[in-house]
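Peer 1: Got a structure for you, coords-v8.txt, holding compact mmCIF, C-alpha atoms.
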# COMPACT_ATOMS: atom_id res chain seq x y z
CA MET U 1115 78.77 109.21 101.26
CA GLY U 1116 79.29 109.92 104.95
CA SER U 1117 79.94 106.25 105.71
CA LEU U 1118 83.20 107.02 107.52
CA SER U 1119 84.05 109.18 110.51
CA LEU U 1120 87.35 111.01 110.71
CA PRO U 1121 89.69 109.16 113.12
CA PRO U 1122 91.11 111.02 116.14
CA ALA U 1123 94.35 112.84 115.36
CA PRO U 1124 96.65 115.23 117.28
CA TRP U 1125 95.94 118.15 114.96
CA ARG U 1126 92.28 118.15 116.01
CA ASN U 1127 93.38 119.28 119.48
CA ARG U 1128 95.25 122.36 118.30
CA THR U 1129 94.69 125.43 120.42
CA GLY U 1130 91.97 127.65 119.00
CA LEU U 1131 90.80 125.23 116.30
CA ASP U 1132 87.44 124.49 117.93
CA ALA U 1133 86.83 128.23 118.44
CA LEU U 1134 87.67 128.86 114.78
CA CYS U 1135 85.27 126.17 113.60
CA ALA U 1136 82.55 127.53 115.87
CA ALA U 1137 83.07 131.05 114.51
CA LEU U 1138 82.71 129.70 110.97
CA GLY U 1139 79.41 128.03 111.76
CA ALA U 1140 80.57 124.42 111.77
CA GLY U 1141 77.66 123.59 114.08
CA ASP U 1142 75.28 124.81 111.37
CA GLY U 1143 77.05 122.89 108.60
CA ASP U 1144 78.78 125.97 107.17
CA ALA U 1145 82.38 124.76 107.51
CA ARG U 1146 84.25 121.50 106.91
CA PHE U 1147 87.84 120.32 106.97
CA VAL U 1148 88.94 119.57 103.42
CA GLY U 1149 91.67 118.03 101.30
CA GLY U 1150 94.99 116.73 102.50
CA VAL U 1151 94.25 116.96 106.20
CA VAL U 1152 91.24 114.65 105.74
CA ARG U 1153 93.07 112.31 103.36
CA ASP U 1154 96.15 111.97 105.56
CA THR U 1155 94.12 111.49 108.75
CA ILE U 1156 92.13 108.67 107.14
CA LEU U 1157 95.45 107.06 106.12
CA GLY U 1158 96.90 107.49 109.61
CA ILE U 1159 99.59 109.89 108.35
CA GLU U 1160 100.53 112.90 110.45
CA ALA U 1161 98.81 115.95 108.96
CA HIS U 1162 100.43 119.37 109.08
CA ASP U 1163 98.46 121.89 107.05
CA ILE U 1164 94.82 122.37 107.98
CA ASP U 1165 92.38 123.67 105.38
CA ILE U 1166 88.77 124.57 106.01
CA ALA U 1167 86.13 125.06 103.31
CA THR U 1168 83.13 127.20 104.10
CA ARG U 1169 79.83 128.29 102.59
CA LEU U 1170 80.36 131.75 104.07
CA ALA U 1171 81.43 134.58 101.77
CA PRO U 1172 84.97 135.93 102.36
CA ASP U 1173 83.75 139.21 103.87
CA GLU U 1174 81.56 137.25 106.29
CA VAL U 1175 84.54 135.05 107.23
CA LEU U 1176 86.62 138.14 108.01
CA LYS U 1177 83.81 139.68 110.04
CA ARG U 1178 83.24 136.54 112.10
CA LEU U 1179 86.91 135.92 112.81
CA ARG U 1180 87.46 139.49 113.95
CA ALA U 1181 84.35 139.32 116.11
CA SER U 1182 85.80 136.18 117.72
CA HIS U 1183 89.18 137.89 118.23
CA ILE U 1184 90.91 135.47 115.84
CA ARG U 1185 93.62 137.13 113.78
CA ALA U 1186 92.61 137.04 110.11
CA VAL U 1187 94.92 137.76 107.17
CA PRO U 1188 93.27 138.17 103.72
CA THR U 1189 96.06 136.22 101.96
CA GLY U 1190 94.04 135.42 98.83
CA ILE U 1191 90.72 137.11 99.33
CA ALA U 1192 90.10 137.51 95.58
CA HIS U 1193 90.06 133.72 95.40
CA GLY U 1194 88.19 133.39 98.68
CA THR U 1195 91.11 132.46 100.95
CA ILE U 1196 91.66 133.97 104.38
CA THR U 1197 94.35 132.76 106.77
CA ALA U 1198 93.32 132.37 110.40
CA VAL U 1199 96.39 132.69 112.60
CA LEU U 1200 96.15 130.29 115.54
CA PRO U 1201 98.73 129.71 118.30
CA ASP U 1202 99.85 126.40 116.77
CA GLY U 1203 100.02 127.65 113.20
CA PRO U 1204 97.92 129.10 110.39
CA VAL U 1205 94.70 127.59 109.03
CA GLU U 1206 93.53 128.47 105.53
CA VAL U 1207 89.81 129.15 105.24
CA THR U 1208 88.43 129.20 101.71
CA THR U 1209 84.92 129.95 100.49
CA LEU U 1210 83.39 127.23 98.28
CA ARG U 1211 84.17 127.92 94.62
CA ARG U 1212 83.29 126.91 91.12
CA ASP U 1213 85.31 127.66 87.99
CA LEU U 1214 84.00 130.08 85.37
CA THR U 1215 86.98 130.04 82.98
CA THR U 1216 90.40 128.39 82.98
CA ASP U 1217 93.46 128.69 80.74
CA GLY U 1218 95.75 125.98 82.07
CA ARG U 1219 97.49 128.30 84.50
CA HIS U 1220 94.84 130.45 86.16
CA ALA U 1221 91.13 130.12 86.86
CA THR U 1222 88.38 132.71 87.10
CA ILE U 1223 86.12 131.57 89.90
CA ALA U 1224 82.74 132.33 91.41
CA PHE U 1225 81.76 131.65 95.00
CA THR U 1226 79.08 129.08 95.70
CA ASP U 1227 77.35 127.34 98.59
CA ASP U 1228 77.36 123.96 96.81
CA TRP U 1229 79.76 121.45 98.39
CA ARG U 1230 79.66 119.12 95.40
CA ALA U 1231 80.46 121.95 92.97
CA ASP U 1232 83.51 122.82 95.08
CA ALA U 1233 84.59 119.18 95.13
CA ALA U 1234 84.15 118.90 91.37
CA ARG U 1235 86.79 121.57 90.68
CA ARG U 1236 89.47 119.75 92.69
CA ASP U 1237 92.06 117.58 90.96
CA PHE U 1238 91.87 114.03 92.34
CA THR U 1239 89.21 112.07 94.18
CA ILE U 1240 91.50 111.52 97.17
CA ASN U 1241 91.89 115.30 97.57
CA ALA U 1242 88.15 116.03 97.45
CA LEU U 1243 87.25 114.63 100.87
CA TYR U 1244 85.52 116.80 103.47
CA ALA U 1245 84.89 116.21 107.18
CA ASP U 1246 82.44 117.79 109.59
CA PRO U 1247 84.44 119.40 112.45
CA VAL U 1248 81.71 118.62 114.97
CA THR U 1249 80.65 115.05 114.12
CA GLY U 1250 83.72 113.91 112.15
CA GLU U 1251 81.45 112.69 109.34
CA VAL U 1252 83.36 112.34 106.06
CA PHE U 1253 81.75 113.59 102.84
CA ASP U 1254 82.96 111.93 99.66
CA TYR U 1255 81.35 112.98 96.37
CA PHE U 1256 83.56 111.14 93.87
CA GLY U 1257 84.72 107.85 95.42
CA GLY U 1258 87.86 109.16 97.10
CA GLN U 1259 87.63 106.75 100.03
CA ALA U 1260 87.52 103.74 97.71
CA ASP U 1261 90.47 105.13 95.73
CA LEU U 1262 92.45 105.65 98.94
CA ALA U 1263 91.77 102.06 99.95
CA ALA U 1264 92.83 100.85 96.50
CA ARG U 1265 95.89 103.18 96.48
CA ARG U 1266 94.61 104.67 93.23
CA VAL U 1267 95.17 108.24 92.08
CA ARG U 1268 92.27 109.20 89.84
CA PHE U 1269 91.23 112.48 88.29
CA ILE U 1270 87.76 113.80 89.06
CA GLY U 1271 85.86 113.73 85.78
CA ASP U 1272 87.60 113.76 82.39
CA PRO U 1273 91.41 113.76 82.88
CA LEU U 1274 92.05 115.67 79.66
CA GLN U 1275 89.63 118.39 80.72
CA ARG U 1276 91.17 118.62 84.20
CA ILE U 1277 94.67 118.96 82.70
CA ALA U 1278 93.41 121.63 80.29
CA GLU U 1279 92.17 123.59 83.32
CA ASP U 1280 95.52 123.41 85.10
CA HIS U 1281 98.58 121.94 83.38
CA LEU U 1282 100.37 121.46 86.70
CA ARG U 1283 98.00 118.57 87.38
CA ILE U 1284 100.22 116.43 85.13
CA LEU U 1285 103.05 116.64 87.66
CA ARG U 1286 100.67 116.45 90.61
CA PHE U 1287 99.28 113.17 89.22
CA PHE U 1288 102.73 111.61 89.42
CA ARG U 1289 103.60 113.21 92.77
CA PHE U 1290 100.49 111.81 94.42
CA LEU U 1291 101.10 108.50 92.70
CA ALA U 1292 104.58 108.43 94.24
CA ARG U 1293 103.12 109.16 97.68
CA PHE U 1294 99.89 107.19 97.71
CA GLY U 1295 99.59 104.99 94.62
CA ASP U 1296 100.28 101.41 93.68
CA THR U 1297 99.34 101.28 90.02
CA PRO U 1298 98.59 104.31 87.85
CA ASP U 1299 95.04 104.94 86.70
CA ALA U 1300 95.25 104.06 82.99
CA GLU U 1301 93.02 106.90 81.80
CA GLY U 1302 94.91 109.45 83.88
CA LEU U 1303 98.31 108.19 82.72
CA ALA U 1304 97.21 108.31 79.09
CA ALA U 1305 95.97 111.88 79.47
CA CYS U 1306 99.21 113.04 81.13
CA THR U 1307 101.22 111.40 78.36
CA THR U 1308 99.14 113.01 75.64
CA ARG U 1309 99.31 116.48 77.17
CA ALA U 1310 102.94 116.46 78.44
CA ASN U 1311 103.84 119.39 76.16
CA ASP U 1312 101.38 121.53 78.12
CA LEU U 1313 104.02 121.70 80.87
CA MET U 1314 105.97 124.18 78.72
CA ALA U 1315 103.29 126.81 79.44
CA LEU U 1316 103.95 126.70 83.19
CA SER U 1317 106.35 128.88 85.16
CA ARG U 1318 109.57 127.10 85.99
CA GLU U 1319 109.03 127.84 89.69
CA ARG U 1320 105.79 125.84 89.70
CA ILE U 1321 107.48 122.98 87.87
CA ALA U 1322 110.42 122.98 90.30
CA ASP U 1323 108.12 123.00 93.32
CA GLU U 1324 106.24 119.93 92.13
CA VAL U 1325 109.31 118.02 90.93
CA LEU U 1326 111.21 118.57 94.18
CA LYS U 1327 108.21 117.40 96.22
CA LEU U 1328 107.84 114.35 93.97
CA LEU U 1329 111.50 113.39 94.30
CA VAL U 1330 111.30 112.83 98.06
CA ALA U 1331 108.10 110.75 97.91
CA ALA U 1332 108.17 107.08 98.92
CA LYS U 1333 108.01 105.64 95.41
CA ALA U 1334 109.90 108.40 93.61
CA PRO U 1335 112.39 106.14 91.74
CA GLU U 1336 109.77 103.93 90.13
CA ILE U 1337 107.40 106.81 89.36
CA VAL U 1338 110.21 108.88 87.83
CA ALA U 1339 111.06 105.86 85.67
CA LEU U 1340 107.40 105.71 84.60
CA MET U 1341 107.49 109.43 83.74
CA ILE U 1342 110.64 108.98 81.65
CA ASP U 1343 109.06 106.04 79.80
CA HIS U 1344 106.03 108.19 78.97
CA GLY U 1345 107.98 111.28 77.90
CA ILE U 1346 106.73 113.51 80.71
CA PHE U 1347 110.06 115.23 81.38
CA ALA U 1348 111.04 115.67 77.74
CA PRO U 1349 109.37 119.08 77.18
CA VAL U 1350 110.84 120.80 80.25
CA LEU U 1351 113.72 118.66 81.60
CA PRO U 1352 114.99 116.66 78.61
CA GLU U 1353 118.27 115.98 80.45
CA ILE U 1354 116.43 113.45 82.66
CA THR U 1355 116.66 110.18 80.75
CA SER U 1356 117.24 107.46 83.36
CA ALA U 1357 116.14 106.74 86.93
CA VAL U 1358 118.73 104.01 87.57
CA ARG U 1359 121.07 106.18 89.65
CA LEU U 1360 118.12 107.70 91.50
CA ALA U 1361 117.02 104.22 92.58
CA ARG U 1362 120.54 103.43 93.82
CA VAL U 1363 120.87 106.73 95.70
CA ALA U 1364 117.45 106.27 97.32
CA GLY U 1365 118.60 102.83 98.49
CA VAL U 1366 121.80 104.30 99.93
CA GLU U 1367 119.83 107.00 101.75
CA ALA U 1368 117.53 104.41 103.29
CA SER U 1369 120.37 102.10 104.35
CA ALA U 1370 122.49 104.94 105.74
CA GLY U 1371 119.61 106.54 107.63
CA LEU U 1372 119.81 109.71 105.53
CA ALA U 1373 116.61 111.68 105.04
CA PRO U 1374 115.62 111.79 101.36
CA ASN U 1375 116.89 115.05 99.88
CA ALA U 1376 115.32 116.56 96.79
CA ILE U 1377 118.46 118.28 95.46
CA ARG U 1378 120.58 115.15 95.96
CA ARG U 1379 117.93 113.14 94.13
CA LEU U 1380 117.67 115.70 91.33
CA ALA U 1381 121.44 115.46 90.91
CA ALA U 1382 121.10 111.67 90.69
CA LEU U 1383 118.94 112.16 87.58
CA LEU U 1384 121.49 114.35 85.78
CA PRO U 1385 124.86 113.79 84.08
CA ASP U 1386 127.97 114.59 86.14
CA ASP U 1387 128.36 118.05 84.65
CA PRO U 1388 128.39 120.95 87.12
CA ALA U 1389 127.85 123.55 84.38
CA LEU U 1390 124.82 121.67 83.10
CA GLY U 1391 123.52 121.32 86.65
CA ASP U 1392 123.91 125.05 87.24
CA GLY U 1393 122.03 125.77 84.03
CA ILE U 1394 119.19 123.50 85.09
CA GLY U 1395 119.18 125.13 88.52
CA ALA U 1396 118.87 128.52 86.85
CA ARG U 1397 116.12 127.24 84.54
CA LEU U 1398 114.14 125.97 87.52
CA LYS U 1399 114.76 129.21 89.45
CA LEU U 1400 116.30 127.28 92.34
CA SER U 1401 117.79 129.30 95.20
CA ASN U 1402 121.51 130.08 95.12
CA LEU U 1403 122.01 127.60 97.96
CA GLN U 1404 120.20 124.85 96.06
CA ARG U 1405 122.16 125.58 92.88
CA ARG U 1406 125.48 125.37 94.74
CA ARG U 1407 124.48 122.07 96.30
CA LEU U 1408 123.43 120.71 92.90
CA THR U 1409 126.68 121.67 91.17
CA THR U 1410 128.77 120.38 94.10
CA ALA U 1411 127.01 117.01 93.93
CA LEU U 1412 127.60 116.78 90.17
CA THR U 1413 131.38 117.27 90.50
CA ALA U 1414 132.81 113.78 90.12
CA GLU U 1415 136.02 114.47 92.08
CA LEU U 1416 136.29 112.28 95.18
CA GLY U 1417 138.62 111.94 98.15
CA ALA U 1418 138.69 110.63 101.67
CA PRO U 1419 135.21 110.95 103.16
CA ARG U 1420 136.26 113.15 106.08
CA ALA U 1421 138.34 115.36 103.81
CA LEU U 1422 135.25 115.83 101.64
CA GLY U 1423 133.16 116.54 104.72
CA TYR U 1424 135.63 119.19 105.86
CA ARG U 1425 135.86 120.91 102.48
CA LEU U 1426 132.26 120.57 101.27
CA GLY U 1427 130.30 120.33 104.51
CA LEU U 1428 128.69 117.09 105.59
CA ASP U 1429 125.66 117.45 103.29
CA GLY U 1430 127.85 118.15 100.28
CA ALA U 1431 130.07 115.17 101.11
CA ALA U 1432 127.09 112.87 101.59
CA ASP U 1433 125.65 113.96 98.24
CA ARG U 1434 128.87 113.31 96.36
CA LEU U 1435 129.62 109.97 98.06
CA ALA U 1436 126.07 108.70 97.48
CA LEU U 1437 126.14 109.75 93.82
CA GLN U 1438 129.68 108.83 92.85
CA LEU U 1439 130.34 105.52 94.66
CA PRO U 1440 128.75 102.06 94.28
CA SER U 1441 126.23 101.36 97.03
CA ASP U 1442 128.44 99.31 99.36
CA ALA U 1443 131.36 101.72 99.07
CA ALA U 1444 129.05 104.69 99.56
CA LEU U 1445 127.61 103.18 102.74
CA ALA U 1446 131.08 102.47 104.14
CA ALA U 1447 132.23 106.00 103.33
CA LEU U 1448 129.08 107.60 104.77
CA ALA U 1449 129.55 105.64 108.00
CA THR U 1450 132.84 107.46 108.59
CA ILE U 1451 131.16 110.89 108.58
CA THR U 1452 127.94 109.95 110.37
CA ASP U 1453 127.88 111.71 113.75
CA TRP U 1454 131.27 113.27 112.94
CA THR U 1455 131.82 116.96 113.53
CA PRO U 1456 134.50 118.47 111.29
CA PRO U 1457 137.21 120.08 113.47
CA ARG U 1458 138.50 123.60 113.09
CA LEU U 1459 142.14 124.17 112.25
CA PRO U 1460 143.55 125.46 115.58
CA LEU U 1461 145.95 127.80 113.83
CA SER U 1462 145.70 131.25 112.25
CA GLY U 1463 147.75 133.46 110.03
CA GLY U 1464 148.48 135.60 113.07
CA ASP U 1465 150.16 132.60 114.72
CA LEU U 1466 152.51 132.29 111.74
CA VAL U 1467 153.32 136.00 111.78
CA ALA U 1468 154.07 135.75 115.50
CA ARG U 1469 156.61 133.06 114.66
CA GLY U 1470 158.48 135.26 112.21
CA LEU U 1471 156.69 134.99 108.85
CA ARG U 1472 156.33 138.36 107.16
CA LYS U 1473 152.78 139.57 106.54
CA GLY U 1474 151.63 139.08 102.97
CA PRO U 1475 150.71 136.31 100.53
CA ASP U 1476 153.22 133.90 102.08
CA VAL U 1477 151.10 133.72 105.22
CA ALA U 1478 147.98 132.52 103.37
CA ARG U 1479 150.05 130.17 101.20
CA THR U 1480 151.77 128.58 104.20
CA LEU U 1481 148.58 128.30 106.20
CA ARG U 1482 146.91 126.57 103.23
CA ALA U 1483 149.83 124.12 102.92
CA ILE U 1484 149.57 123.28 106.64
CA GLU U 1485 145.83 122.79 106.38
CA ASP U 1486 146.15 120.59 103.29
CA GLN U 1487 148.65 118.32 105.05
CA TRP U 1488 146.52 118.23 108.22
CA ILE U 1489 143.47 117.18 106.16
CA ALA U 1490 145.50 114.61 104.18
CA GLU U 1491 146.61 112.99 107.48
CA ASP U 1492 142.99 112.87 108.74
CA PHE U 1493 143.15 115.74 111.23
CA PRO U 1494 145.89 114.60 113.63
CA GLY U 1495 146.20 116.08 117.13
CA ASP U 1496 148.31 118.94 118.42
CA ASP U 1497 151.68 117.13 118.45
CA ARG U 1498 151.54 116.09 114.82
CA LEU U 1499 149.99 119.42 113.78
CA GLY U 1500 152.88 121.13 115.51
CA ALA U 1501 155.37 119.10 113.47
CA ILE U 1502 153.50 119.87 110.23
CA THR U 1503 153.49 123.57 111.14
CA ASP U 1504 157.21 123.59 112.00
CA ALA U 1505 158.11 121.98 108.69
CA ALA U 1506 155.91 124.30 106.60
CA LEU U 1507 157.10 127.37 108.49
CA ASP U 1508 160.74 126.38 108.13
CA GLN U 1509 160.32 125.99 104.38
CA ALA U 1510 158.45 129.30 104.05
CA LEU U 1511 161.11 131.19 106.06
CA ARG U 1512 163.93 129.69 103.95
CA SER U 1513 162.11 130.70 100.76
CA THR U 1514 161.57 134.28 101.91
CA ASN U 1515 165.17 134.66 103.15
CA SER U 1516 166.81 133.23 100.06
Now that the file is in, can you turn its structure into structure tokens?

Peer 2:
Amino acid sequence: MGSLSLPPAPWRNRTGLDALCAALGAGDGDARFVGGVVRDTILGIEAHDIDIATRLAPDEVLKRLRASHIRAVPTGIAHGTITAVLPDGPVEVTTLRRDLTTDGRHATIAFTDDWRADAARRDFTINALYADPVTGEVFDYFGGQADLAARRVRFIGDPLQRIAEDHLRILRFFRFLARFGDTPDAEGLAACTTRANDLMALSRERIADEVLKLLVAAKAPEIVALMIDHGIFAPVLPEITSAVRLARVAGVEASAGLAPNAIRRLAALLPDDPALGDGIGARLKLSNLQRRRLTTALTAELGAPRALGYRLGLDGAADRLALQLPSDAALAALATITDWTPPRLPLSGGDLVARGLRKGPDVARTLRAIEDQWIAEDFPGDDRLGAITDAALDQALRSTNS
């Protein structure tokens, strides 16, 4: 323990962070960085969210921050969490805790001044690392540094007990495995497999949050395949039965330079059935925007890539091309809409009325016919658009005058 010092990292120079640590008594050993920020910094990964654990009681934290003129928001004071608002972003400050009772979804906690007791209630060894803000000394109570080096995701203590305390840890096990792991810890995998039905007790929002984070992780395709093999999705997302298309889509994203997208990847795990996709989106309490993107991706209808980009938006077109075409064809199609900005039709209904078409449904119908032809011819310039417009207008005027 304490054999490693935290490497330098940009986040350690954030404005106000040293003053915050000083206010929390870091110089007296009362505050330490904890969790993901320590883990990611050791791995050389850019860290975003900063968490600080402290021996100070929540009321004392509030008092000290206000005395130091640091804005403090009691975001979760019942559970010991206060958010310090710094110029470069918020920092969560949480009093050391130990669990009194748990029911798989919520915990009743008591505050403590025991660092090891606080570490013992965390999920995985790699997430229970602490670092002294002054000296950088790393404190590791359960072998997290060795597990990081071995790329091993391991529960602290008995995996079955940890899952009983919080069922979401089943999904977190696989998410962290997809981000940081090489081979699954056998005892942890067995426990997750045994207790998979416990996921049914969780809110669908919590499940969706974890699954969407997992899907964009580095090793998502192989870990999702592992989850399918072990029946992890069956209780809550039985529609997910194969990771083959996910692996192909992830390969297309990488080759095309597309950022991994969770909704695109979720669609890759589902049958091409927009109604089913919408039902799953509703079950997972996805936003309306996410649900529309999911159902659009699961519509098998294809067309010219730029036509799709114009009608669906570039994200919607990329989703559908990546899902519905073989890899080589998808890459070729995606290349035609990369760095392409869909044009606007330089024509309005008012223009048609000005040329003699009577106001009413014929205007919208004619404008739509012009736009369809313009799209079908891959957005030609003004001369050709003028000819398309003349022809459509001539036909519409003949129809209305006959």

Peer 1: Would you compute the box with edges along x, y and z of the file around stretch 1423-1435 of chain U, including every atom the file lists for it and 3 Å extra on each side, and give its centre and edge lengths in Å to one decimal, as AutoDock Vina command-line options?

Peer 2:
--center_x 130.8 --center_y 115.4 --center_z 101.1 --size_x 16.2 --size_y 16.9 --size_z 15.5

Peer 1: List the neighbours of stretch 1345-1362 of chain U out to 7 Å using all atoms listed in the file; skip same-chain residues closer than 4 positions along the sequence, and give me the result as a PyMOL selection string.

Peer 2: chain U and resi 1307+1310-1311+1313-1314+1335+1338-1339+1341+1366+1379+1382-1384+1441

Peer 1: Please tell me which residues are no farther than 12 Å from (90.0, 118.2, 89.1) in the file, counting only C-alpha atoms, and write them as number ranges by chain.

Peer 2: U: 1212-1213, 1216, 1218, 1231-1242, 1256, 1267-1284, 1286-1287, 1302

Peer 1: Excluding U:His1193 and its own-chain neighbours fewer than 5 positions away, which residues fall within 12 Å of it when counting all atoms listed in the file? Please give them as a PyMOL selection string.

Peer 2: chain U and resi 1171-1173+1188+1206-1213+1220-1226

Peer 1: What does the distance between atom CA of U:Leu1499 and atom CA of U:Leu1461 come to in Å, to one decimal place?

Peer 2: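 Pair atom CA of U:Leu1499 / atom CA of U:Leu1461 returns 9.3 Å.
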
Peer 1: Just checking: using all atoms listed in the file, which residue out of U:Val1148, U:Leu1435, U:Val1363, U:Ala1332 ends up closest to U:Gly1417?

Peer 2: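 Using all atoms listed in the file, U:Gly1417 sits closest to U:Leu1435.
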
Peer 1: Measuring atom to atom with only C-alpha atoms, identify which of U:Leu1131, U:Leu1422, U:Leu1428, U:Leu1200 is nearest to U:Asp1453.

Peer 2: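 The shortest atom-to-atom distance to U:Asp1453 comes from U:Leu1428.
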